[in-house]
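What follows is a set of notes on a single structure, which appears directly below.
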Amino acid sequence: MTRATLVRALIALAVVALSAYFAVTTSPRLGLDLRGGTQIVLETRDSPTAEADREATDRTLEVLRRRVDALGVAEPTIARSGDNRIIVELPGLQDPREAAEVLGRTAQLSFHPVTGTAEEGAEAGEEEQILPDESGQRLRLGPPALTGAEVSGAEAQIDQQTGGGWFVTVDLRGKGKDAWADLTGEAACSPPGDPERRVAIVLDERVISSPQVDPSVQCDVGITGGSTQITGSFSREEARELALLIDGGALPVPVEIIEQRTVGPTLGEEAIEASAWAAVIGTALTALFIIVVYRLLGFLAVVALACYGLIAYAALVALGATLTLPGLAGFVLAIGMAVDANVLVFERAREEYAAHRGRGLRTAVTAGFRNALSAIADSNVTTLLAAGLLFFFASGPVRGFGVTLSIGVLASMVSALVVTRVLAEFAVARGAVRARPRITGIANVGRVREWLTERRPDLMGRPRRWLAVSLVAVVLAGSGIAVRGLNFGVEFTGGRMIEYSTAQPVDPEEARTALADAGFPRVVVQTSGDGDLTVRTEELSNDEAAEVAEVVEELGGETEKVRDELIGPSIGDELRRGALIALGVALAAQMLYLAVRFRWTFSVSAVTAMVHDVLILVGIFAWLGKTLDGVFLASLLTVIGYSVNDSVVVFDRVRELWAADRKTPFARVANAAVLQTVPRTVNTGLGALFILLALAVLGGDTLTDFALALIIGIVVGTWSSVFTATPVAIELEARTDTPPPQRGGKSSALTGQRSRRRPQRRPGDTGAQV
């Protein structure tokens, strides 16, 4: 064993051992879409006296934390997002009305002098408000004397000694003590029963209490000491609610609910179970396929894939990342992606062994890893770009998908380049294996490569024919966008979407008619593949949502709310803009990276193929009437990564062959590169399709659409990398004066070639390996 191999073995052992430690000792953090509950996103707003900056939002968060704790929800989480948003997660809470009511009322708390009463229709004077009190009487209120910021606490208590019932104590701090004394001292100068002897406590422009100053309080002296009591005919619940509102109402700025999501617990359980079965079955099929094709090295790759799963999971829990439904799908999907690097290595090792049989298995394996490194690095970087864009431009579960996808890509590189290499080099060094080279899987070229070697088809002889076929496909699929339109989800349009599971099937037309009769004429009613009923509308309050649920229950019997999403119009516009920005930046980033790593002609060709894939995928979803939501955005950006990944592998081989023989016409070089990379493309695509088909068959509606988008993307991307990107490159190279890449060096655009690559045979030579 060489020193380099020993170092890699020690690194692999350390990484696997550390991953096993984290996997055993740390529990994953599940998102609400997997464990059930409610998520509410609030946004702080500017007030006449305060700006909703980061500091004000932090103070608001602490106040809301006390509110959330008072709801009695187990393990709630509350965190700031950006400068002026607060995310509240309430596991297990299925009815968001109580939480939304309490959180939504936590605007600014203020204490006002009562300057009199007002008749119906009377207008407020300058610096004056007119608000109804608890009984409906309209009061004239002066400017606030103090705010909730001066309240240090409030508590509901009962007078057990005198039997006076429940009351609320309010403690003040700082300047609030003197301000309260002045306010109550001024009110005490009015006779008992006079409205001006009252003090109004206002929360969110609503009078929550307007007690009268006790007769024992002296005029111009007021209540001193910084503590006071509010008495009245309070019930226990009324006193506790008033204390809760006063204690938690010290918000420096108002807040508004801009997003609300509720997920039923059964949906999360079903998603986890479906993903687990998909992972088991898909991984088993992929493992069986890899072992059949690559034999001993395929078996070792499967062992490395198991290590990949352990490393990726350990990294996820160690970083404290939240595992969401799209994230779980991304975790399963990355298993298929991890196959790609192994396939690239094994195909290059097959080529080396076939070309130089006398050098042995170990030399072929080492060369396979060395020659595949460039394509592996470039293809994984392009996928990381897409994952990074998801993290920076998306939000919620889709952002979690970006995190898990990034972790999966990095873990797959460690698995393939370190773990697989250690196992493969150890295996081919054994005498028993060297004596039986065919059991390794690299001593034979494979049926696909053998068929191509015998026939040597000239696929790139007429590139414009393939471009015409691609153009027709784009037109046919893209016409769905014009004919059917795009069905954007509430994440991008704003509004509310509620999904119900009913005991009996409900006809959508019947439900639509019943809801219209109940006062909801503009709702859109649909049924999903598993019979669930989905109701979508532009605006729907929590109380109205409860009425909708009653109508659905009358039609379908016992009803369970599976999913509930409320997106404000402002955040819907923001998410839509973010999606467009993510796609635009993805195109620019991919083009820039490819232009630096390859040539501008290759860059334009790869991006053209990428746009081809995106238009076809979006067009097919338009024809099918599928919803374009955040999960679709995740799949779309993943398809972009896949598309560029395939193009990179082809162009990496083109660059290598062309640098070895710069006099060969580019079309012949491109054709040879395509033929040499077809086995890798076929094997990698099949490995990923096993995982995706398992997700499509076993997953719920969300996972099924996610898997369907990626299946379409892989099929179309495989086609476009060969029959769109390569023909475009041929046409562009025929119109450019840029010289071919230099062997072992750089062309006018950086090629990234290594300086000691062994010369390749000409694509036209009879001994060329395909």
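Following the order of the structure tokens, chains are lettered A, B, ..., residues in each are numbered from 1, and ligands are numbered from 1.
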
Alpha helix (DSSP H) call set, DSSP backbone run, stretch 364-491 of chain A, as a ChimeraX atom specification
/A:364-393,396-414,421-428,431-435,447-455,463-483,490-491

Stretch 640-648 of chain A environment, 10 Å, only C-alpha atoms, sequence neighbours closer than 4 positions dropped, as JSON, numbers by chain
{"A": [337, 340, 374, 375, 376, 377, 378, 379, 380, 381, 382, 383, 384, 385, 386, 387, 583, 586, 587, 590, 591, 594, 597, 598, 602, 603, 605, 606, 607, 608, 609, 610, 611, 612, 613, 614, 635, 636, 652, 653, 654, 677, 680, 681, 684, 685, 710, 713, 714, 715, 716, 717, 718, 719, 720, 721, 722, 724, 725, 726]}

For a quick check of understanding, using only C-alpha atoms, which of A:Phe393, A:Trp600, A:Phe299, A:Tyr294 has the smallest distance to A:Leu344?
A:Tyr294

Would you compute the distance between atom CA of A:Glu450 and atom CA of A:Glu347? Give it in Å to one decimal.
12.5 Å

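Residues in contact with A:Leu319 at 12 Å, where only C-alpha atoms are counted and same-chain residues fewer than 6 positions away are skipped, are listed as Ser19, Phe22, Ala23, Thr26, Ser27, Pro28, Arg29, Ala312, Tyr313, Val403, Thr404 and Ile407 of chain A.
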
Of the candidates A:Leu30, A:Ala545, A:Ala673, A:Leu285, which one gets nearest to A:Gly320 if we count only C-alpha atoms?
A:Leu30

Which residue out of A:Ala274, A:Ala56, A:Ile290, A:Ala729 has the minimum interatomic distance to A:Leu698 when only C-alpha atoms are used?
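Going through A:Ala274, A:Ala56, A:Ile290, A:Ala729 one by one, the smallest distance to A:Leu698 is for A:Ala274.
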
If you count only C-alpha atoms, which residues fall within 9 Å of stretch 36-45 of chain A, apart from same-chain ones fewer than 2 positions away, as a PDB file with N, CA, C and O atoms, in the first residue's frame?
```pdb
ATOM      1  N   GLY A  31     -38.731  19.330  10.088  1.00  0.00           N
ATOM      2  CA  GLY A  31     -39.564  20.485   9.802  1.00  0.00           C
ATOM      3  C   GLY A  31     -41.024  20.189  10.109  1.00  0.00           C
ATOM      4  O   GLY A  31     -41.432  19.032  10.280  1.00  0.00           O
ATOM      5  N   LEU A  32     -41.827  21.235  10.154  1.00  0.00           N
ATOM      6  CA  LEU A  32     -43.244  21.062  10.482  1.00  0.00           C
ATOM      7  C   LEU A  32     -43.975  20.236   9.435  1.00  0.00           C
ATOM      8  O   LEU A  32     -44.982  19.593   9.745  1.00  0.00           O
ATOM      9  N   ASP A  33     -43.480  20.247   8.182  1.00  0.00           N
ATOM     10  CA  ASP A  33     -44.156  19.456   7.164  1.00  0.00           C
ATOM     11  C   ASP A  33     -43.937  17.966   7.366  1.00  0.00           C
ATOM     12  O   ASP A  33     -44.600  17.153   6.717  1.00  0.00           O
ATOM     13  N   LEU A  34     -43.018  17.583   8.266  1.00  0.00           N
ATOM     14  CA  LEU A  34     -42.800  16.173   8.577  1.00  0.00           C
ATOM     15  C   LEU A  34     -43.346  15.781   9.941  1.00  0.00           C
ATOM     16  O   LEU A  34     -43.678  14.620  10.156  1.00  0.00           O
ATOM     17  N   SER A  47     -44.024  52.336  12.570  1.00  0.00           N
ATOM     18  CA  SER A  47     -45.095  53.063  13.253  1.00  0.00           C
ATOM     19  C   SER A  47     -44.762  54.553  13.208  1.00  0.00           C
ATOM     20  O   SER A  47     -43.645  54.935  12.850  1.00  0.00           O
ATOM     21  N   GLU A  51     -39.156  52.931  13.883  1.00  0.00           N
ATOM     22  CA  GLU A  51     -38.830  52.281  12.621  1.00  0.00           C
ATOM     23  C   GLU A  51     -38.646  50.788  12.853  1.00  0.00           C
ATOM     24  O   GLU A  51     -38.047  50.376  13.850  1.00  0.00           O
ATOM     25  N   ALA A  52     -39.176  49.997  11.941  1.00  0.00           N
ATOM     26  CA  ALA A  52     -39.101  48.541  12.075  1.00  0.00           C
ATOM     27  C   ALA A  52     -37.733  48.043  11.604  1.00  0.00           C
ATOM     28  O   ALA A  52     -37.610  47.363  10.589  1.00  0.00           O
ATOM     29  N   ASP A  53     -36.688  48.373  12.361  1.00  0.00           N
ATOM     30  CA  ASP A  53     -35.352  47.928  12.008  1.00  0.00           C
ATOM     31  C   ASP A  53     -35.023  46.630  12.730  1.00  0.00           C
ATOM     32  O   ASP A  53     -35.863  46.030  13.385  1.00  0.00           O
ATOM     33  N   ALA A  56     -35.552  46.833  16.597  1.00  0.00           N
ATOM     34  CA  ALA A  56     -36.964  46.802  16.976  1.00  0.00           C
ATOM     35  C   ALA A  56     -37.555  45.413  16.775  1.00  0.00           C
ATOM     36  O   ALA A  56     -38.371  44.948  17.584  1.00  0.00           O
ATOM     37  N   THR A  57     -37.133  44.715  15.719  1.00  0.00           N
ATOM     38  CA  THR A  57     -37.627  43.361  15.471  1.00  0.00           C
ATOM     39  C   THR A  57     -37.151  42.404  16.553  1.00  0.00           C
ATOM     40  O   THR A  57     -37.897  41.516  16.988  1.00  0.00           O
ATOM     41  N   THR A  60     -39.280  42.980  19.526  1.00  0.00           N
ATOM     42  CA  THR A  60     -40.596  42.403  19.241  1.00  0.00           C
ATOM     43  C   THR A  60     -40.566  40.893  19.408  1.00  0.00           C
ATOM     44  O   THR A  60     -41.505  40.291  19.937  1.00  0.00           O
ATOM     45  N   ASP A  83     -34.162  41.335   8.524  1.00  0.00           N
ATOM     46  CA  ASP A  83     -34.213  42.462   9.446  1.00  0.00           C
ATOM     47  C   ASP A  83     -35.580  42.666  10.071  1.00  0.00           C
ATOM     48  O   ASP A  83     -35.680  43.203  11.174  1.00  0.00           O
ATOM     49  N   ASN A  84     -36.642  42.237   9.400  1.00  0.00           N
ATOM     50  CA  ASN A  84     -37.968  42.584   9.917  1.00  0.00           C
ATOM     51  C   ASN A  84     -38.988  41.457   9.806  1.00  0.00           C
ATOM     52  O   ASN A  84     -40.192  41.712   9.688  1.00  0.00           O
ATOM     53  N   ARG A  85     -38.518  40.202   9.838  1.00  0.00           N
ATOM     54  CA  ARG A  85     -39.464  39.079   9.839  1.00  0.00           C
ATOM     55  C   ARG A  85     -39.182  38.143  10.993  1.00  0.00           C
ATOM     56  O   ARG A  85     -38.034  37.952  11.388  1.00  0.00           O
ATOM     57  N   ILE A  86     -40.252  37.562  11.498  1.00  0.00           N
ATOM     58  CA  ILE A  86     -40.158  36.638  12.624  1.00  0.00           C
ATOM     59  C   ILE A  86     -40.914  35.371  12.255  1.00  0.00           C
ATOM     60  O   ILE A  86     -42.072  35.432  11.830  1.00  0.00           O
ATOM     61  N   ILE A  87     -40.254  34.224  12.397  1.00  0.00           N
ATOM     62  CA  ILE A  87     -40.858  32.931  12.071  1.00  0.00           C
ATOM     63  C   ILE A  87     -41.196  32.211  13.374  1.00  0.00           C
ATOM     64  O   ILE A  87     -40.318  31.996  14.214  1.00  0.00           O
ATOM     65  N   VAL A  88     -42.452  31.850  13.534  1.00  0.00           N
ATOM     66  CA  VAL A  88     -42.933  31.147  14.722  1.00  0.00           C
ATOM     67  C   VAL A  88     -43.373  29.753  14.298  1.00  0.00           C
ATOM     68  O   VAL A  88     -44.225  29.613  13.413  1.00  0.00           O
ATOM     69  N   GLU A  89     -42.799  28.708  14.891  1.00  0.00           N
ATOM     70  CA  GLU A  89     -43.178  27.329  14.605  1.00  0.00           C
ATOM     71  C   GLU A  89     -43.810  26.721  15.848  1.00  0.00           C
ATOM     72  O   GLU A  89     -43.225  26.756  16.928  1.00  0.00           O
ATOM     73  N   LEU A  90     -44.999  26.153  15.659  1.00  0.00           N
ATOM     74  CA  LEU A  90     -45.781  25.616  16.771  1.00  0.00           C
ATOM     75  C   LEU A  90     -46.110  24.154  16.462  1.00  0.00           C
ATOM     76  O   LEU A  90     -47.158  23.852  15.868  1.00  0.00           O
ATOM     77  N   PRO A  91     -45.226  23.215  16.834  1.00  0.00           N
ATOM     78  CA  PRO A  91     -45.468  21.799  16.541  1.00  0.00           C
ATOM     79  C   PRO A  91     -46.752  21.310  17.206  1.00  0.00           C
ATOM     80  O   PRO A  91     -47.051  21.641  18.361  1.00  0.00           O
ATOM     81  N   GLY A  92     -47.505  20.509  16.469  1.00  0.00           N
ATOM     82  CA  GLY A  92     -48.705  19.894  17.015  1.00  0.00           C
ATOM     83  C   GLY A  92     -49.939  20.766  16.978  1.00  0.00           C
ATOM     84  O   GLY A  92     -51.049  20.260  17.180  1.00  0.00           O
ATOM     85  N   LEU A  93     -49.805  22.063  16.740  1.00  0.00           N
ATOM     86  CA  LEU A  93     -50.971  22.956  16.728  1.00  0.00           C
ATOM     87  C   LEU A  93     -51.624  22.884  15.357  1.00  0.00           C
ATOM     88  O   LEU A  93     -51.056  23.341  14.364  1.00  0.00           O
ATOM     89  N   GLN A  94     -52.828  22.332  15.292  1.00  0.00           N
ATOM     90  CA  GLN A  94     -53.514  22.150  14.022  1.00  0.00           C
ATOM     91  C   GLN A  94     -54.525  23.252  13.717  1.00  0.00           C
ATOM     92  O   GLN A  94     -54.899  23.438  12.564  1.00  0.00           O
ATOM     93  N   ASP A  95     -55.004  23.959  14.740  1.00  0.00           N
ATOM     94  CA  ASP A  95     -55.932  25.069  14.528  1.00  0.00           C
ATOM     95  C   ASP A  95     -55.179  26.368  14.757  1.00  0.00           C
ATOM     96  O   ASP A  95     -54.904  26.743  15.897  1.00  0.00           O
ATOM     97  N   PRO A  96     -54.820  27.072  13.700  1.00  0.00           N
ATOM     98  CA  PRO A  96     -53.984  28.260  13.868  1.00  0.00           C
ATOM     99  C   PRO A  96     -54.741  29.497  14.319  1.00  0.00           C
ATOM    100  O   PRO A  96     -54.144  30.542  14.512  1.00  0.00           O
ATOM    101  N   ALA A  99     -53.522  30.914  17.777  1.00  0.00           N
ATOM    102  CA  ALA A  99     -52.192  31.518  17.696  1.00  0.00           C
ATOM    103  C   ALA A  99     -52.211  32.787  16.863  1.00  0.00           C
ATOM    104  O   ALA A  99     -51.620  33.805  17.229  1.00  0.00           O
ATOM    105  N   ALA A 100     -52.910  32.759  15.719  1.00  0.00           N
ATOM    106  CA  ALA A 100     -52.961  33.943  14.868  1.00  0.00           C
ATOM    107  C   ALA A 100     -53.654  35.098  15.568  1.00  0.00           C
ATOM    108  O   ALA A 100     -53.260  36.262  15.419  1.00  0.00           O
ATOM    109  N   LEU A 103     -51.101  36.350  18.341  1.00  0.00           N
ATOM    110  CA  LEU A 103     -49.937  37.003  17.744  1.00  0.00           C
ATOM    111  C   LEU A 103     -50.342  38.223  16.920  1.00  0.00           C
ATOM    112  O   LEU A 103     -49.643  39.224  16.908  1.00  0.00           O
ATOM    113  N   GLY A 104     -51.452  38.124  16.238  1.00  0.00           N
ATOM    114  CA  GLY A 104     -51.892  39.235  15.406  1.00  0.00           C
ATOM    115  C   GLY A 104     -52.335  40.445  16.197  1.00  0.00           C
ATOM    116  O   GLY A 104     -52.331  41.564  15.686  1.00  0.00           O
ATOM    117  N   VAL A 253     -43.056  48.041  17.682  1.00  0.00           N
ATOM    118  CA  VAL A 253     -43.616  48.300  16.354  1.00  0.00           C
ATOM    119  C   VAL A 253     -44.733  47.294  16.090  1.00  0.00           C
ATOM    120  O   VAL A 253     -44.755  46.212  16.675  1.00  0.00           O
ATOM    121  N   PRO A 254     -45.678  47.627  15.211  1.00  0.00           N
ATOM    122  CA  PRO A 254     -46.755  46.680  14.880  1.00  0.00           C
ATOM    123  C   PRO A 254     -46.219  45.496  14.082  1.00  0.00           C
ATOM    124  O   PRO A 254     -45.150  45.555  13.471  1.00  0.00           O
ATOM    125  N   VAL A 255     -46.997  44.409  14.070  1.00  0.00           N
ATOM    126  CA  VAL A 255     -46.655  43.229  13.276  1.00  0.00           C
ATOM    127  C   VAL A 255     -47.850  42.823  12.432  1.00  0.00           C
ATOM    128  O   VAL A 255     -48.993  43.116  12.768  1.00  0.00           O
ATOM    129  N   GLU A 256     -47.543  42.127  11.329  1.00  0.00           N
ATOM    130  CA  GLU A 256     -48.594  41.649  10.427  1.00  0.00           C
ATOM    131  C   GLU A 256     -48.262  40.229  10.005  1.00  0.00           C
ATOM    132  O   GLU A 256     -47.113  39.917   9.692  1.00  0.00           O
ATOM    133  N   ILE A 257     -49.263  39.356  10.022  1.00  0.00           N
ATOM    134  CA  ILE A 257     -49.077  37.982   9.560  1.00  0.00           C
ATOM    135  C   ILE A 257     -49.069  37.983   8.046  1.00  0.00           C
ATOM    136  O   ILE A 257     -50.052  38.354   7.399  1.00  0.00           O
ATOM    137  N   ILE A 258     -47.937  37.572   7.448  1.00  0.00           N
ATOM    138  CA  ILE A 258     -47.816  37.558   5.994  1.00  0.00           C
ATOM    139  C   ILE A 258     -47.796  36.143   5.431  1.00  0.00           C
ATOM    140  O   ILE A 258     -47.928  35.957   4.225  1.00  0.00           O
ATOM    141  N   GLU A 259     -47.620  35.146   6.285  1.00  0.00           N
ATOM    142  CA  GLU A 259     -47.592  33.767   5.814  1.00  0.00           C
ATOM    143  C   GLU A 259     -47.985  32.848   6.951  1.00  0.00           C
ATOM    144  O   GLU A 259     -47.606  33.065   8.101  1.00  0.00           O
ATOM    145  N   GLN A 260     -48.755  31.815   6.613  1.00  0.00           N
ATOM    146  CA  GLN A 260     -49.200  30.857   7.630  1.00  0.00           C
ATOM    147  C   GLN A 260     -49.323  29.488   6.973  1.00  0.00           C
ATOM    148  O   GLN A 260     -49.932  29.347   5.918  1.00  0.00           O
ATOM    149  N   ARG A 261     -48.715  28.486   7.584  1.00  0.00           N
ATOM    150  CA  ARG A 261     -48.762  27.130   7.057  1.00  0.00           C
ATOM    151  C   ARG A 261     -49.139  26.174   8.174  1.00  0.00           C
ATOM    152  O   ARG A 261     -48.575  26.251   9.270  1.00  0.00           O
ATOM    153  N   THR A 262     -50.054  25.269   7.875  1.00  0.00           N
ATOM    154  CA  THR A 262     -50.433  24.228   8.832  1.00  0.00           C
ATOM    155  C   THR A 262     -50.375  22.881   8.119  1.00  0.00           C
ATOM    156  O   THR A 262     -50.899  22.749   7.004  1.00  0.00           O
ATOM    157  N   VAL A 263     -49.734  21.914   8.747  1.00  0.00           N
ATOM    158  CA  VAL A 263     -49.597  20.579   8.170  1.00  0.00           C
ATOM    159  C   VAL A 263     -50.116  19.563   9.171  1.00  0.00           C
ATOM    160  O   VAL A 263     -49.735  19.598  10.354  1.00  0.00           O
ATOM    161  N   GLY A 264     -50.994  18.687   8.710  1.00  0.00           N
ATOM    162  CA  GLY A 264     -51.530  17.654   9.582  1.00  0.00           C
ATOM    163  C   GLY A 264     -50.470  16.621   9.934  1.00  0.00           C
ATOM    164  O   GLY A 264     -49.554  16.358   9.148  1.00  0.00           O
ATOM    165  N   PRO A 265     -50.575  15.999  11.099  1.00  0.00           N
ATOM    166  CA  PRO A 265     -49.549  15.031  11.516  1.00  0.00           C
ATOM    167  C   PRO A 265     -49.495  13.795  10.640  1.00  0.00           C
ATOM    168  O   PRO A 265     -48.436  13.223  10.423  1.00  0.00           O
ATOM    169  N   THR A 266     -50.639  13.385  10.082  1.00  0.00           N
ATOM    170  CA  THR A 266     -50.639  12.176   9.258  1.00  0.00           C
ATOM    171  C   THR A 266     -49.871  12.396   7.965  1.00  0.00           C
ATOM    172  O   THR A 266     -49.230  11.485   7.449  1.00  0.00           O
ATOM    173  N   LEU A 267     -49.920  13.626   7.417  1.00  0.00           N
ATOM    174  CA  LEU A 267     -49.181  13.904   6.191  1.00  0.00           C
ATOM    175  C   LEU A 267     -47.688  13.731   6.421  1.00  0.00           C
ATOM    176  O   LEU A 267     -46.981  13.164   5.601  1.00  0.00           O
ATOM    177  N   GLY A 268     -47.204  14.260   7.552  1.00  0.00           N
ATOM    178  CA  GLY A 268     -45.787  14.118   7.856  1.00  0.00           C
ATOM    179  C   GLY A 268     -45.388  12.666   8.021  1.00  0.00           C
ATOM    180  O   GLY A 268     -44.358  12.227   7.502  1.00  0.00           O
ATOM    181  N   GLU A 269     -46.208  11.885   8.728  1.00  0.00           N
ATOM    182  CA  GLU A 269     -45.906  10.468   8.917  1.00  0.00           C
ATOM    183  C   GLU A 269     -45.896   9.728   7.586  1.00  0.00           C
ATOM    184  O   GLU A 269     -45.017   8.894   7.322  1.00  0.00           O
ATOM    185  N   ASP A 564     -52.549  23.449   5.110  1.00  0.00           N
ATOM    186  CA  ASP A 564     -53.175  24.775   5.080  1.00  0.00           C
ATOM    187  C   ASP A 564     -52.072  25.808   4.875  1.00  0.00           C
ATOM    188  O   ASP A 564     -51.171  25.931   5.708  1.00  0.00           O
TER     189      ASP A 564
END
```
